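With mmCIF, C-alpha atoms inside, this is my_file_28.cif:
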```cif
data_data
#
loop_
_atom_site.label_atom_id
_atom_site.label_comp_id
_atom_site.auth_asym_id
_atom_site.auth_seq_id
_atom_site.Cartn_x
_atom_site.Cartn_y
_atom_site.Cartn_z
CA MET A 1048 0.00 0.00 0.00
CA GLN A 1049 3.02 2.31 0.18
CA THR A 1050 3.46 4.76 -2.68
CA SER A 1051 7.22 5.08 -2.10
CA ARG A 1052 9.95 2.46 -1.95
CA PRO A 1053 9.84 0.39 1.26
CA THR A 1054 12.35 1.05 4.02
CA GLU A 1055 14.95 -1.43 5.28
CA ASP A 1056 13.62 -4.67 6.70
CA ASP A 1057 12.96 -4.67 10.45
CA PRO A 1058 13.34 -8.05 12.27
CA LEU A 1059 10.53 -7.14 14.71
CA MET A 1060 8.16 -6.27 11.87
CA GLU A 1061 9.07 -9.47 10.05
CA LEU A 1062 8.23 -11.49 13.18
CA VAL A 1063 4.92 -9.66 13.71
CA ASN A 1064 4.11 -10.14 10.03
CA LEU A 1065 4.92 -13.87 10.18
CA VAL A 1066 2.80 -14.49 13.29
CA CYS A 1067 -0.15 -12.38 12.09
CA VAL A 1068 -0.27 -13.93 8.62
CA ILE A 1069 -0.08 -17.49 10.01
CA VAL A 1070 -2.91 -16.79 12.49
CA GLY A 1071 -4.91 -15.19 9.67
CA LEU A 1072 -4.38 -18.24 7.44
CA VAL A 1073 -5.71 -20.51 10.20
CA PHE A 1074 -8.93 -18.50 10.53
CA PHE A 1075 -9.37 -18.18 6.76
CA SER A 1076 -9.20 -22.00 6.64
CA LEU A 1077 -11.65 -22.40 9.55
CA ALA A 1078 -14.09 -19.98 7.90
CA LEU A 1079 -13.90 -21.84 4.58
CA LEU A 1080 -14.44 -25.20 6.31
CA THR A 1081 -17.46 -23.78 8.14
CA PHE A 1082 -18.95 -22.32 4.95
CA ALA A 1083 -18.40 -25.65 3.16
CA LEU A 1084 -19.57 -28.10 5.83
CA CYS A 1085 -22.37 -26.30 7.69
CA GLN A 1086 -25.94 -26.07 6.46
CA TRP A 1087 -27.10 -22.52 5.77
CA SER A 1088 -30.53 -20.94 5.45
CA PRO A 1089 -31.72 -20.51 1.83
CA GLY A 1090 -31.71 -16.70 2.19
CA VAL A 1091 -28.02 -16.55 3.22
CA ASN A 1092 -25.63 -15.62 0.42
CA ASN A 1093 -22.05 -16.56 1.37
CA VAL A 1094 -20.54 -16.41 -2.11
CA ALA A 1095 -18.68 -13.12 -1.53
CA ARG A 1096 -17.38 -14.18 1.90
CA ILE A 1097 -16.18 -17.52 0.56
CA ASN A 1098 -14.33 -15.87 -2.31
CA ILE A 1099 -12.82 -13.19 -0.05
CA CYS A 1100 -11.43 -16.05 2.04
CA ILE A 1101 -10.18 -17.97 -1.02
CA SER A 1102 -8.52 -14.94 -2.64
CA LEU A 1103 -6.86 -13.64 0.52
CA LEU A 1104 -5.92 -17.11 1.77
CA LEU A 1105 -4.04 -17.81 -1.47
CA ALA A 1106 -2.58 -14.28 -1.56
CA HIS A 1107 -1.34 -14.39 2.04
CA LEU A 1108 0.02 -17.94 1.64
CA LEU A 1109 1.89 -17.05 -1.56
CA PHE A 1110 3.14 -13.81 0.03
CA LEU A 1111 4.34 -15.67 3.14
CA LEU A 1112 6.17 -18.36 1.18
CA THR A 1113 7.71 -15.79 -1.16
CA GLN A 1114 9.07 -13.68 1.70
CA GLN A 1115 10.43 -16.73 3.52
CA PHE A 1116 12.30 -17.95 0.42
CA LEU A 1117 12.99 -14.53 -1.11
CA SER A 1118 16.76 -15.11 -1.33
CA LEU A 1119 16.13 -18.16 -3.54
CA ILE A 1120 13.28 -16.71 -5.61
CA HIS A 1121 14.52 -13.18 -6.35
CA PRO A 1122 17.52 -14.25 -8.53
CA LEU A 1123 15.02 -16.06 -10.77
CA GLN A 1124 13.59 -12.92 -12.39
CA VAL A 1125 10.89 -14.66 -14.44
CA LEU A 1126 9.59 -16.57 -11.41
CA CYS A 1127 9.72 -13.41 -9.29
CA ALA A 1128 7.73 -11.48 -11.93
CA VAL A 1129 5.14 -14.27 -12.23
CA ILE A 1130 4.69 -14.36 -8.43
CA SER A 1131 4.24 -10.58 -8.26
CA GLY A 1132 1.65 -10.80 -11.07
CA LEU A 1133 -0.21 -13.56 -9.18
CA LEU A 1134 -0.13 -11.50 -5.98
CA HIS A 1135 -1.45 -8.51 -7.93
CA PHE A 1136 -4.35 -10.62 -9.22
CA LEU A 1137 -5.16 -12.35 -5.91
CA PHE A 1138 -5.11 -9.23 -3.75
CA LEU A 1139 -7.05 -7.25 -6.35
CA SER A 1140 -9.70 -9.98 -6.67
CA GLY A 1141 -9.94 -9.96 -2.86
CA PHE A 1142 -10.74 -6.24 -2.97
CA VAL A 1143 -13.31 -6.71 -5.74
CA TRP A 1144 -15.01 -9.37 -3.59
CA MET A 1145 -14.96 -6.96 -0.64
CA PHE A 1146 -16.85 -4.47 -2.81
CA ILE A 1147 -19.36 -7.17 -3.83
CA GLU A 1148 -19.84 -8.07 -0.16
CA ALA A 1149 -20.45 -4.37 0.62
CA VAL A 1150 -23.11 -4.18 -2.10
CA LEU A 1151 -24.83 -7.37 -0.90
CA LEU A 1152 -24.75 -6.18 2.71
CA PHE A 1153 -26.22 -2.82 1.68
CA ILE A 1154 -29.05 -4.57 -0.20
CA CYS A 1155 -29.81 -6.80 2.81
CA VAL A 1156 -29.82 -3.89 5.26
CA LYS A 1157 -31.89 -1.76 2.85
CA ASN A 1158 -34.55 -4.40 2.42
CA LEU A 1159 -34.28 -5.96 5.90
CA SER A 1160 -35.75 -9.09 4.33
CA GLN A 1161 -34.77 -11.76 1.87
CA ILE A 1162 -33.79 -10.49 -1.55
CA SER A 1163 -36.62 -10.97 -4.02
CA SER A 1164 -36.41 -13.75 -6.58
CA LYS A 1165 -35.83 -11.24 -9.36
CA LYS A 1166 -32.83 -9.75 -7.55
CA ARG A 1167 -31.55 -13.22 -6.74
CA GLU A 1168 -31.35 -14.00 -10.42
CA VAL A 1169 -29.42 -10.78 -11.12
CA LEU A 1170 -27.05 -11.43 -8.21
CA SER A 1171 -26.55 -15.13 -8.89
CA SER A 1172 -23.36 -16.84 -7.75
CA GLY A 1173 -22.17 -17.39 -11.32
CA PHE A 1174 -22.62 -13.74 -12.24
CA LEU A 1175 -20.81 -12.59 -9.09
CA CYS A 1176 -17.91 -14.99 -9.72
CA VAL A 1177 -17.44 -13.60 -13.23
CA ILE A 1178 -17.37 -10.04 -11.87
CA GLY A 1179 -15.22 -10.94 -8.88
CA TYR A 1180 -12.36 -12.46 -10.87
CA LEU A 1181 -12.77 -10.94 -14.34
CA VAL A 1182 -12.24 -7.35 -13.15
CA ALA A 1183 -8.95 -8.27 -11.44
CA LEU A 1184 -7.84 -10.33 -14.44
CA VAL A 1185 -8.52 -7.47 -16.87
CA VAL A 1186 -6.55 -5.00 -14.71
CA VAL A 1187 -3.56 -7.37 -14.51
CA CYS A 1188 -3.65 -8.15 -18.24
CA VAL A 1189 -3.81 -4.45 -19.15
CA SER A 1190 -0.96 -3.72 -16.73
CA VAL A 1191 1.21 -6.48 -18.23
CA SER A 1192 0.54 -5.29 -21.79
CA LEU A 1193 1.36 -1.65 -20.96
CA VAL A 1194 4.39 -2.15 -18.67
CA PRO A 1195 5.61 -5.78 -18.90
CA GLU A 1196 8.76 -4.95 -16.90
CA GLY A 1197 6.70 -3.54 -14.01
CA TYR A 1198 6.64 -6.80 -12.07
CA GLY A 1199 9.41 -8.37 -10.00
CA SER A 1200 10.69 -5.83 -7.47
CA GLU A 1201 13.33 -6.67 -4.85
CA HIS A 1202 10.46 -8.11 -2.73
CA CYS A 1203 8.81 -9.85 -5.73
CA TRP A 1204 6.02 -7.29 -5.81
CA ILE A 1205 5.02 -4.48 -8.18
CA LYS A 1206 7.81 -2.02 -8.97
CA HIS A 1207 7.47 1.65 -8.03
CA ASP A 1208 9.14 2.79 -11.26
CA LYS A 1209 7.06 5.08 -13.48
CA GLY A 1210 4.23 4.98 -10.94
CA PHE A 1211 3.39 1.38 -11.90
CA ILE A 1212 2.38 0.68 -8.30
CA TRP A 1213 -0.83 2.60 -9.10
CA SER A 1214 -1.96 -0.30 -11.29
CA PHE A 1215 -2.73 -1.84 -7.90
CA LEU A 1216 -3.33 1.20 -5.70
CA GLY A 1217 -5.62 2.91 -8.26
CA PRO A 1218 -8.33 0.21 -8.32
CA VAL A 1219 -7.87 -0.36 -4.58
CA CYS A 1220 -8.45 3.34 -3.82
CA VAL A 1221 -11.64 3.33 -5.92
CA ILE A 1222 -12.94 0.21 -4.14
CA LEU A 1223 -12.04 1.52 -0.69
CA ALA A 1224 -13.78 4.84 -1.43
CA LEU A 1225 -16.93 3.02 -2.62
CA ASN A 1226 -16.85 0.67 0.37
CA MET A 1227 -16.53 3.60 2.77
CA ILE A 1228 -19.54 5.27 1.12
CA LEU A 1229 -21.56 2.04 1.30
CA PHE A 1230 -20.48 1.46 4.91
CA ILE A 1231 -21.66 4.95 5.91
CA LYS A 1232 -24.97 4.44 4.04
CA ILE A 1233 -25.41 1.08 5.82
CA ILE A 1234 -24.89 2.75 9.22
CA ILE A 1235 -27.37 5.53 8.34
CA THR A 1236 -29.95 3.03 7.05
CA LEU A 1237 -29.57 0.86 10.15
CA ASN A 1238 -29.94 3.86 12.42
CA SER A 1239 -33.15 5.04 10.74
CA THR A 1240 -34.54 1.48 10.77
CA LEU A 1241 -33.76 0.90 14.45
CA LYS A 1242 -35.71 4.04 15.41
CA LYS A 1243 -38.83 2.48 13.87
CA LEU A 1244 -38.53 -0.79 15.81
CA ASN A 1245 -40.43 -1.43 19.02
CA ALA A 1246 -38.20 -1.61 22.09
CA GLU A 1247 -38.85 -5.30 22.72
CA VAL A 1248 -36.11 -7.30 24.43
CA SER A 1249 -35.77 -9.89 21.68
CA GLN A 1250 -35.66 -7.23 18.98
CA MET A 1251 -33.15 -5.14 20.91
CA LYS A 1252 -30.86 -8.13 21.44
CA GLN A 1253 -30.90 -8.97 17.73
CA THR A 1254 -30.41 -5.30 16.94
CA LYS A 1255 -27.26 -5.06 19.09
CA ILE A 1256 -25.78 -8.12 17.39
CA MET A 1257 -26.61 -6.65 13.99
CA VAL A 1258 -24.97 -3.33 14.91
CA PHE A 1259 -21.82 -5.11 16.14
CA LYS A 1260 -21.64 -7.16 12.96
CA THR A 1261 -22.04 -4.04 10.85
CA LEU A 1262 -19.28 -2.20 12.72
CA ALA A 1263 -16.99 -5.23 12.39
CA GLN A 1264 -17.64 -5.10 8.65
CA PHE A 1265 -15.31 -2.08 8.62
CA VAL A 1266 -12.42 -4.57 8.64
CA VAL A 1267 -14.12 -7.26 6.55
CA LEU A 1268 -14.83 -4.75 3.77
CA GLY A 1269 -11.15 -3.78 3.74
CA CYS A 1270 -11.65 -0.19 4.94
CA SER A 1271 -8.74 -0.60 7.39
CA TRP A 1272 -6.37 -1.00 4.42
CA ILE A 1273 -6.51 2.81 4.17
CA LEU A 1274 -3.99 2.82 7.06
CA GLY A 1275 -1.39 1.59 4.56
CA PHE A 1276 -1.13 5.10 3.10
CA PHE A 1277 -0.12 6.55 6.48
CA THR A 1278 2.33 3.98 7.84
CA ASN A 1279 5.50 5.67 6.54
CA GLY A 1280 7.84 6.10 9.50
CA SER A 1281 5.28 4.96 12.12
CA LYS A 1282 5.91 1.51 13.61
CA GLU A 1283 2.69 1.70 15.64
CA LEU A 1284 0.57 2.22 12.51
CA GLU A 1285 2.48 -0.50 10.67
CA ILE A 1286 1.74 -3.00 13.46
CA LEU A 1287 -1.93 -1.93 13.58
CA PHE A 1288 -2.13 -2.26 9.79
CA LEU A 1289 -0.60 -5.76 9.91
CA ILE A 1290 -2.86 -6.96 12.72
CA LEU A 1291 -6.13 -5.65 11.26
CA ASN A 1292 -5.57 -6.62 7.63
CA SER A 1293 -4.05 -10.04 8.29
CA GLN A 1294 -7.08 -10.91 10.43
CA GLN A 1295 -9.89 -10.36 7.92
CA GLY A 1296 -10.43 -14.13 8.02
CA THR A 1297 -10.68 -13.95 11.82
CA PHE A 1298 -13.37 -11.27 11.63
CA ILE A 1299 -15.29 -13.22 8.96
CA PHE A 1300 -15.08 -16.36 11.13
CA LEU A 1301 -16.29 -14.50 14.24
CA ILE A 1302 -19.11 -12.56 12.54
CA TYR A 1303 -20.57 -15.23 10.27
CA CYS A 1304 -19.65 -18.44 12.09
CA VAL A 1305 -19.18 -17.94 15.84
CA LEU A 1306 -21.97 -15.34 16.17
CA ASN A 1307 -24.36 -17.33 13.98
CA HIS A 1308 -26.80 -19.26 16.22
CA GLU A 1309 -27.49 -22.00 13.65
CA VAL A 1310 -23.77 -22.55 13.04
CA ARG A 1311 -23.08 -22.71 16.79
CA GLN A 1312 -25.74 -25.40 17.14
CA GLN A 1313 -24.09 -27.40 14.36
CA TYR A 1314 -20.71 -26.94 16.09
CA ARG A 1315 -22.18 -28.31 19.34
CA LYS A 1316 -23.71 -31.26 17.52
CA PHE A 1317 -20.40 -32.03 15.82
CA PHE A 1318 -18.41 -31.87 19.08
CA ARG A 1319 -20.98 -34.02 20.90
CA CYS A 1320 -20.70 -36.68 18.19
CA LEU A 1321 -16.91 -36.41 18.39
CA CYS A 1322 -16.93 -36.83 22.18
CA CYS A 1323 -19.41 -39.74 22.01
CA GLY A 1324 -17.23 -41.45 19.39
CA ARG A 1325 -14.18 -41.15 21.62
CA LYS A 1326 -16.03 -42.51 24.65
CA GLN A 1327 -17.17 -45.56 22.68
CA HIS A 1328 -13.55 -46.29 21.73
#
```
For the file at hand, write its structure as structure tokens.
Amino acid sequence: MQTSRPTEDDPLMELVNLVCVIVGLVFFSLALLTFALCQWSPGVNNVARINICISLLLAHLLFLLTQQFLSLIHPLQVLCAVISGLLHFLFLSGFVWMFIEAVLLFICVKNLSQISSKKREVLSSGFLCVIGYLVALVVVCVSVSLVPEGYGSEHCWIKHDKGFIWSFLGPVCVILALNMILFIKIIITLNSTLKKLNAEVSQMKQTKIMVFKTLAQFVVLGCSWILGFFTNGSKELEILFLILNSQQGTFIFLIYCVLNHEVRQQYRKFFRCLCCGRKQH
């Protein structure tokens, strides 16, 4: 996210980065397993969350392996350039999916009911998958055709020469700006809706959970990536940036798995069966 060349490597930051990314990978994997194995209500659309997890899981894993074996990979310029191109695509597709998730969340909050059958057809999983990956693929292909030597920096990332880094930061800035607008509109819509609700205990409890989930979406929708523009020379902001943005999988797992009553019931059932199986043995 930095517009200038990165500073010298810091052993402390490398350690924090390693720990945070590994923890994030674990929760991305747990979220994906939960989405795949648990039964979900027909009105729940997890396609964007699943693809955010897939894109960022692959991006973080490739990034982690590349940085750990950088001394072996960097001399191989073609491999280094290919890896930086893949990272460009994976991170960018992750951001596109964050935007799709923001749109779907806005529609759900706006309607406060299941999306109509007509809208379901428009926002089908196949259509969303085409948008989610095609946009990132087009950006990378255009970038390669315009500046083929722009990939393969000393960290196997996009080079800062000729402002080529903006082939990544440009689309990301647009998506972050749109997500911030949608996030604010979601908060405003929720606020106006809550004022119309009766102050019943059950409704208020569900409302509080919904508000917490919406606020936590600030990280899930990638809005915290904005910190990357302000980390120059500030170790505290760098650490905060690393912690928040490496843990998007953790927030997704907490919001949509741990705080989901139906999923928790399925967890309990699974662990009971597991414990019963062990006792029988």
Output check: residues returned by the PyMOL selection byres ((chain A and resi 1264) around 12), as a PDB file with C-alpha atoms, keeping the file's coordinate frame:
```
ATOM      1  CA  ARG A1096     -17.380 -14.180   1.900  1.00  0.00           C
ATOM      2  CA  MET A1145     -14.960  -6.960  -0.640  1.00  0.00           C
ATOM      3  CA  PHE A1146     -16.850  -4.470  -2.810  1.00  0.00           C
ATOM      4  CA  GLU A1148     -19.840  -8.070  -0.160  1.00  0.00           C
ATOM      5  CA  ALA A1149     -20.450  -4.370   0.620  1.00  0.00           C
ATOM      6  CA  LEU A1152     -24.750  -6.180   2.710  1.00  0.00           C
ATOM      7  CA  PHE A1153     -26.220  -2.820   1.680  1.00  0.00           C
ATOM      8  CA  ASN A1226     -16.850   0.670   0.370  1.00  0.00           C
ATOM      9  CA  MET A1227     -16.530   3.600   2.770  1.00  0.00           C
ATOM     10  CA  LEU A1229     -21.560   2.040   1.300  1.00  0.00           C
ATOM     11  CA  PHE A1230     -20.480   1.460   4.910  1.00  0.00           C
ATOM     12  CA  ILE A1231     -21.660   4.950   5.910  1.00  0.00           C
ATOM     13  CA  ILE A1233     -25.410   1.080   5.820  1.00  0.00           C
ATOM     14  CA  ILE A1234     -24.890   2.750   9.220  1.00  0.00           C
ATOM     15  CA  MET A1257     -26.610  -6.650  13.990  1.00  0.00           C
ATOM     16  CA  VAL A1258     -24.970  -3.330  14.910  1.00  0.00           C
ATOM     17  CA  PHE A1259     -21.820  -5.110  16.140  1.00  0.00           C
ATOM     18  CA  LYS A1260     -21.640  -7.160  12.960  1.00  0.00           C
ATOM     19  CA  THR A1261     -22.040  -4.040  10.850  1.00  0.00           C
ATOM     20  CA  LEU A1262     -19.280  -2.200  12.720  1.00  0.00           C
ATOM     21  CA  ALA A1263     -16.990  -5.230  12.390  1.00  0.00           C
ATOM     22  CA  PHE A1265     -15.310  -2.080   8.620  1.00  0.00           C
ATOM     23  CA  VAL A1266     -12.420  -4.570   8.640  1.00  0.00           C
ATOM     24  CA  VAL A1267     -14.120  -7.260   6.550  1.00  0.00           C
ATOM     25  CA  LEU A1268     -14.830  -4.750   3.770  1.00  0.00           C
ATOM     26  CA  GLY A1269     -11.150  -3.780   3.740  1.00  0.00           C
ATOM     27  CA  CYS A1270     -11.650  -0.190   4.940  1.00  0.00           C
ATOM     28  CA  SER A1271      -8.740  -0.600   7.390  1.00  0.00           C
ATOM     29  CA  LEU A1291      -6.130  -5.650  11.260  1.00  0.00           C
ATOM     30  CA  GLN A1295      -9.890 -10.360   7.920  1.00  0.00           C
ATOM     31  CA  GLY A1296     -10.430 -14.130   8.020  1.00  0.00           C
ATOM     32  CA  THR A1297     -10.680 -13.950  11.820  1.00  0.00           C
ATOM     33  CA  PHE A1298     -13.370 -11.270  11.630  1.00  0.00           C
ATOM     34  CA  ILE A1299     -15.290 -13.220   8.960  1.00  0.00           C
ATOM     35  CA  PHE A1300     -15.080 -16.360  11.130  1.00  0.00           C
ATOM     36  CA  LEU A1301     -16.290 -14.500  14.240  1.00  0.00           C
ATOM     37  CA  ILE A1302     -19.110 -12.560  12.540  1.00  0.00           C
ATOM     38  CA  TYR A1303     -20.570 -15.230  10.270  1.00  0.00           C
TER      39      TYR A1303
END
```
- prompt: What would the list of residues within 12 Å of (-23.4, -17.1, -0.8) (file frame) look like as a ChimeraX atom specification, if all atoms listed in the file are what count?
  reply: /A:1079,1082-1083,1086-1099,1144,1147-1148,1151-1152,1167,1170-1176,1303
message: Need to verify the contact set: A:Cys1067, 9 Å, all atoms listed in the file, exclusion of same-chain residues closer than 2 positions in sequence. Can you return it as a PyMOL selection string?
response: chain A and resi 1062-1065+1069-1072+1289-1290+1293-1294
So that I have them on file, write out the residues from the current selection with C-alpha atoms, as a short mmCIF file (atom, residue, chain, number, x, y, z; two decimals), in the frame of the given file.
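Done, and the output landed in part-v2.cif:
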```cif
data_model
loop_
_atom_site.label_atom_id
_atom_site.label_comp_id
_atom_site.auth_asym_id
_atom_site.auth_seq_id
_atom_site.Cartn_x
_atom_site.Cartn_y
_atom_site.Cartn_z
CA LEU A 1062 8.23 -11.49 13.18
CA VAL A 1063 4.92 -9.66 13.71
CA ASN A 1064 4.11 -10.14 10.03
CA LEU A 1065 4.92 -13.87 10.18
CA ILE A 1069 -0.08 -17.49 10.01
CA VAL A 1070 -2.91 -16.79 12.49
CA GLY A 1071 -4.91 -15.19 9.67
CA LEU A 1072 -4.38 -18.24 7.44
CA LEU A 1289 -0.60 -5.76 9.91
CA ILE A 1290 -2.86 -6.96 12.72
CA SER A 1293 -4.05 -10.04 8.29
CA GLN A 1294 -7.08 -10.91 10.43
#
```
Expansion of the PyMOL selection byres ((chain A and resi 1184-1196) around 9) into residues, as a list in words: Ala1128, Gly1132, Leu1133, His1135, Phe1136, Leu1139, Ser1140, Tyr1180, Leu1181, Val1182, Ala1183, Gly1197, Tyr1198, Gly1199, Lys1206, Phe1211, Ser1214, Phe1215 and Pro1218 of chain A
Selection export as a PDB file, keeping the file's coordinate frame, atoms kept: C-alpha atoms:
```pdb
ATOM      1  CA  ALA A1128       7.730 -11.480 -11.930  1.00  0.00           C
ATOM      2  CA  GLY A1132       1.650 -10.800 -11.070  1.00  0.00           C
ATOM      3  CA  LEU A1133      -0.210 -13.560  -9.180  1.00  0.00           C
ATOM      4  CA  HIS A1135      -1.450  -8.510  -7.930  1.00  0.00           C
ATOM      5  CA  PHE A1136      -4.350 -10.620  -9.220  1.00  0.00           C
ATOM      6  CA  LEU A1139      -7.050  -7.250  -6.350  1.00  0.00           C
ATOM      7  CA  SER A1140      -9.700  -9.980  -6.670  1.00  0.00           C
ATOM      8  CA  TYR A1180     -12.360 -12.460 -10.870  1.00  0.00           C
ATOM      9  CA  LEU A1181     -12.770 -10.940 -14.340  1.00  0.00           C
ATOM     10  CA  VAL A1182     -12.240  -7.350 -13.150  1.00  0.00           C
ATOM     11  CA  ALA A1183      -8.950  -8.270 -11.440  1.00  0.00           C
ATOM     12  CA  GLY A1197       6.700  -3.540 -14.010  1.00  0.00           C
ATOM     13  CA  TYR A1198       6.640  -6.800 -12.070  1.00  0.00           C
ATOM     14  CA  GLY A1199       9.410  -8.370 -10.000  1.00  0.00           C
ATOM     15  CA  LYS A1206       7.810  -2.020  -8.970  1.00  0.00           C
ATOM     16  CA  PHE A1211       3.390   1.380 -11.900  1.00  0.00           C
ATOM     17  CA  SER A1214      -1.960  -0.300 -11.290  1.00  0.00           C
ATOM     18  CA  PHE A1215      -2.730  -1.840  -7.900  1.00  0.00           C
ATOM     19  CA  PRO A1218      -8.330   0.210  -8.320  1.00  0.00           C
TER      20      PRO A1218
END
```
Contacts of stretch 1272-1277 of chain A at 10 Å (all atoms listed in the file; same-chain gap of 5+ positions) as a PDB file with C-alpha atoms, in the frame of the given file:
```
ATOM      1  CA  MET A1048       0.000   0.000   0.000  1.00  0.00           C
ATOM      2  CA  GLN A1049       3.020   2.310   0.180  1.00  0.00           C
ATOM      3  CA  THR A1050       3.460   4.760  -2.680  1.00  0.00           C
ATOM      4  CA  SER A1051       7.220   5.080  -2.100  1.00  0.00           C
ATOM      5  CA  LEU A1216      -3.330   1.200  -5.700  1.00  0.00           C
ATOM      6  CA  VAL A1219      -7.870  -0.360  -4.580  1.00  0.00           C
ATOM      7  CA  CYS A1220      -8.450   3.340  -3.820  1.00  0.00           C
ATOM      8  CA  LEU A1223     -12.040   1.520  -0.690  1.00  0.00           C
ATOM      9  CA  ALA A1224     -13.780   4.840  -1.430  1.00  0.00           C
ATOM     10  CA  PHE A1265     -15.310  -2.080   8.620  1.00  0.00           C
ATOM     11  CA  VAL A1266     -12.420  -4.570   8.640  1.00  0.00           C
ATOM     12  CA  LEU A1284       0.570   2.220  12.510  1.00  0.00           C
ATOM     13  CA  GLU A1285       2.480  -0.500  10.670  1.00  0.00           C
ATOM     14  CA  LEU A1287      -1.930  -1.930  13.580  1.00  0.00           C
ATOM     15  CA  PHE A1288      -2.130  -2.260   9.790  1.00  0.00           C
ATOM     16  CA  LEU A1289      -0.600  -5.760   9.910  1.00  0.00           C
ATOM     17  CA  LEU A1291      -6.130  -5.650  11.260  1.00  0.00           C
ATOM     18  CA  ASN A1292      -5.570  -6.620   7.630  1.00  0.00           C
TER      19      ASN A1292
END
```
- request: Identify which of the residues A:Leu1137, A:Ile1178, A:Lys1282, A:Leu1117 lies closest to A:Ser1200, counting only C-alpha atoms when measuring atom-to-atom distances.
  value: A:Leu1117
Top pick for closest residue to A:Gly1141, considering A:Asn1158, A:Gln1114, A:Gln1124, A:Ser1102 and counting only C-alpha atoms: A:Ser1102
- prompt: Skipping near chain neighbours, those fewer than 4 positions away, what residues fall within 7 Å of A:Phe1138 using only C-alpha atoms, listed as a PyMOL selection string?
  reply: chain A and resi 1102-1103+1106+1134+1142
field: d(atom CA of A:Val1150, atom CA of A:Leu1104) in Å
entry: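 So the answer is 21.9 Å.
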Between atom CA of A:Leu1108 and atom CA of A:Val1068 - distance in Å to one decimal: 8.1 Å
query: What separation in Å, quoted to one decimal, exists between atom CA of A:Ile1120 and atom CA of A:Cys1203?
result: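 Computing the Euclidean distance for atom CA of A:Ile1120 and atom CA of A:Cys1203 yields 8.2 Å.
Closest approach to A:Val1221 among A:Leu1080, A:Val1143, A:Leu1059, A:Val1305 is made by A:Val1143 (distances from all atoms listed in the file).
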Completed stretch 1215-1226 of chain A (N, CA, C and O atoms) as a PDB file, keeping the file's coordinate frame:
```
ATOM      1  N   PHE A1215      -2.090  -1.171  -9.031  1.00  0.00           N
ATOM      2  CA  PHE A1215      -2.730  -1.840  -7.900  1.00  0.00           C
ATOM      3  C   PHE A1215      -3.460  -0.838  -7.008  1.00  0.00           C
ATOM      4  O   PHE A1215      -4.633  -1.014  -6.682  1.00  0.00           O
ATOM      5  N   LEU A1216      -2.761   0.232  -6.632  1.00  0.00           N
ATOM      6  CA  LEU A1216      -3.330   1.200  -5.700  1.00  0.00           C
ATOM      7  C   LEU A1216      -4.512   1.964  -6.290  1.00  0.00           C
ATOM      8  O   LEU A1216      -5.433   2.337  -5.556  1.00  0.00           O
ATOM      9  N   GLY A1217      -4.509   2.198  -7.619  1.00  0.00           N
ATOM     10  CA  GLY A1217      -5.620   2.910  -8.260  1.00  0.00           C
ATOM     11  C   GLY A1217      -6.952   2.198  -8.066  1.00  0.00           C
ATOM     12  O   GLY A1217      -7.894   2.772  -7.481  1.00  0.00           O
ATOM     13  N   PRO A1218      -7.076   0.942  -8.547  1.00  0.00           N
ATOM     14  CA  PRO A1218      -8.330   0.210  -8.320  1.00  0.00           C
ATOM     15  C   PRO A1218      -8.668   0.032  -6.851  1.00  0.00           C
ATOM     16  O   PRO A1218      -9.836   0.102  -6.466  1.00  0.00           O
ATOM     17  N   VAL A1219      -7.636  -0.184  -6.011  1.00  0.00           N
ATOM     18  CA  VAL A1219      -7.870  -0.360  -4.580  1.00  0.00           C
ATOM     19  C   VAL A1219      -8.461   0.905  -3.966  1.00  0.00           C
ATOM     20  O   VAL A1219      -9.404   0.842  -3.166  1.00  0.00           O
ATOM     21  N   CYS A1220      -7.936   2.068  -4.337  1.00  0.00           N
ATOM     22  CA  CYS A1220      -8.450   3.340  -3.820  1.00  0.00           C
ATOM     23  C   CYS A1220      -9.915   3.541  -4.216  1.00  0.00           C
ATOM     24  O   CYS A1220     -10.733   3.999  -3.406  1.00  0.00           O
ATOM     25  N   VAL A1221     -10.252   3.206  -5.458  1.00  0.00           N
ATOM     26  CA  VAL A1221     -11.640   3.330  -5.920  1.00  0.00           C
ATOM     27  C   VAL A1221     -12.554   2.424  -5.098  1.00  0.00           C
ATOM     28  O   VAL A1221     -13.622   2.846  -4.629  1.00  0.00           O
ATOM     29  N   ILE A1222     -12.129   1.170  -4.897  1.00  0.00           N
ATOM     30  CA  ILE A1222     -12.940   0.210  -4.140  1.00  0.00           C
ATOM     31  C   ILE A1222     -13.079   0.635  -2.688  1.00  0.00           C
ATOM     32  O   ILE A1222     -14.181   0.572  -2.120  1.00  0.00           O
ATOM     33  N   LEU A1223     -11.984   1.080  -2.084  1.00  0.00           N
ATOM     34  CA  LEU A1223     -12.040   1.520  -0.690  1.00  0.00           C
ATOM     35  C   LEU A1223     -12.964   2.723  -0.523  1.00  0.00           C
ATOM     36  O   LEU A1223     -13.716   2.813   0.458  1.00  0.00           O
ATOM     37  N   ALA A1224     -12.908   3.664  -1.483  1.00  0.00           N
ATOM     38  CA  ALA A1224     -13.780   4.840  -1.430  1.00  0.00           C
ATOM     39  C   ALA A1224     -15.252   4.422  -1.532  1.00  0.00           C
ATOM     40  O   ALA A1224     -16.106   4.892  -0.765  1.00  0.00           O
ATOM     41  N   LEU A1225     -15.554   3.513  -2.460  1.00  0.00           N
ATOM     42  CA  LEU A1225     -16.930   3.020  -2.620  1.00  0.00           C
ATOM     43  C   LEU A1225     -17.392   2.251  -1.386  1.00  0.00           C
ATOM     44  O   LEU A1225     -18.532   2.407  -0.943  1.00  0.00           O
ATOM     45  N   ASN A1226     -16.496   1.433  -0.829  1.00  0.00           N
ATOM     46  CA  ASN A1226     -16.850   0.670   0.370  1.00  0.00           C
ATOM     47  C   ASN A1226     -17.102   1.581   1.570  1.00  0.00           C
ATOM     48  O   ASN A1226     -17.977   1.312   2.391  1.00  0.00           O
TER      49      ASN A1226
END
```
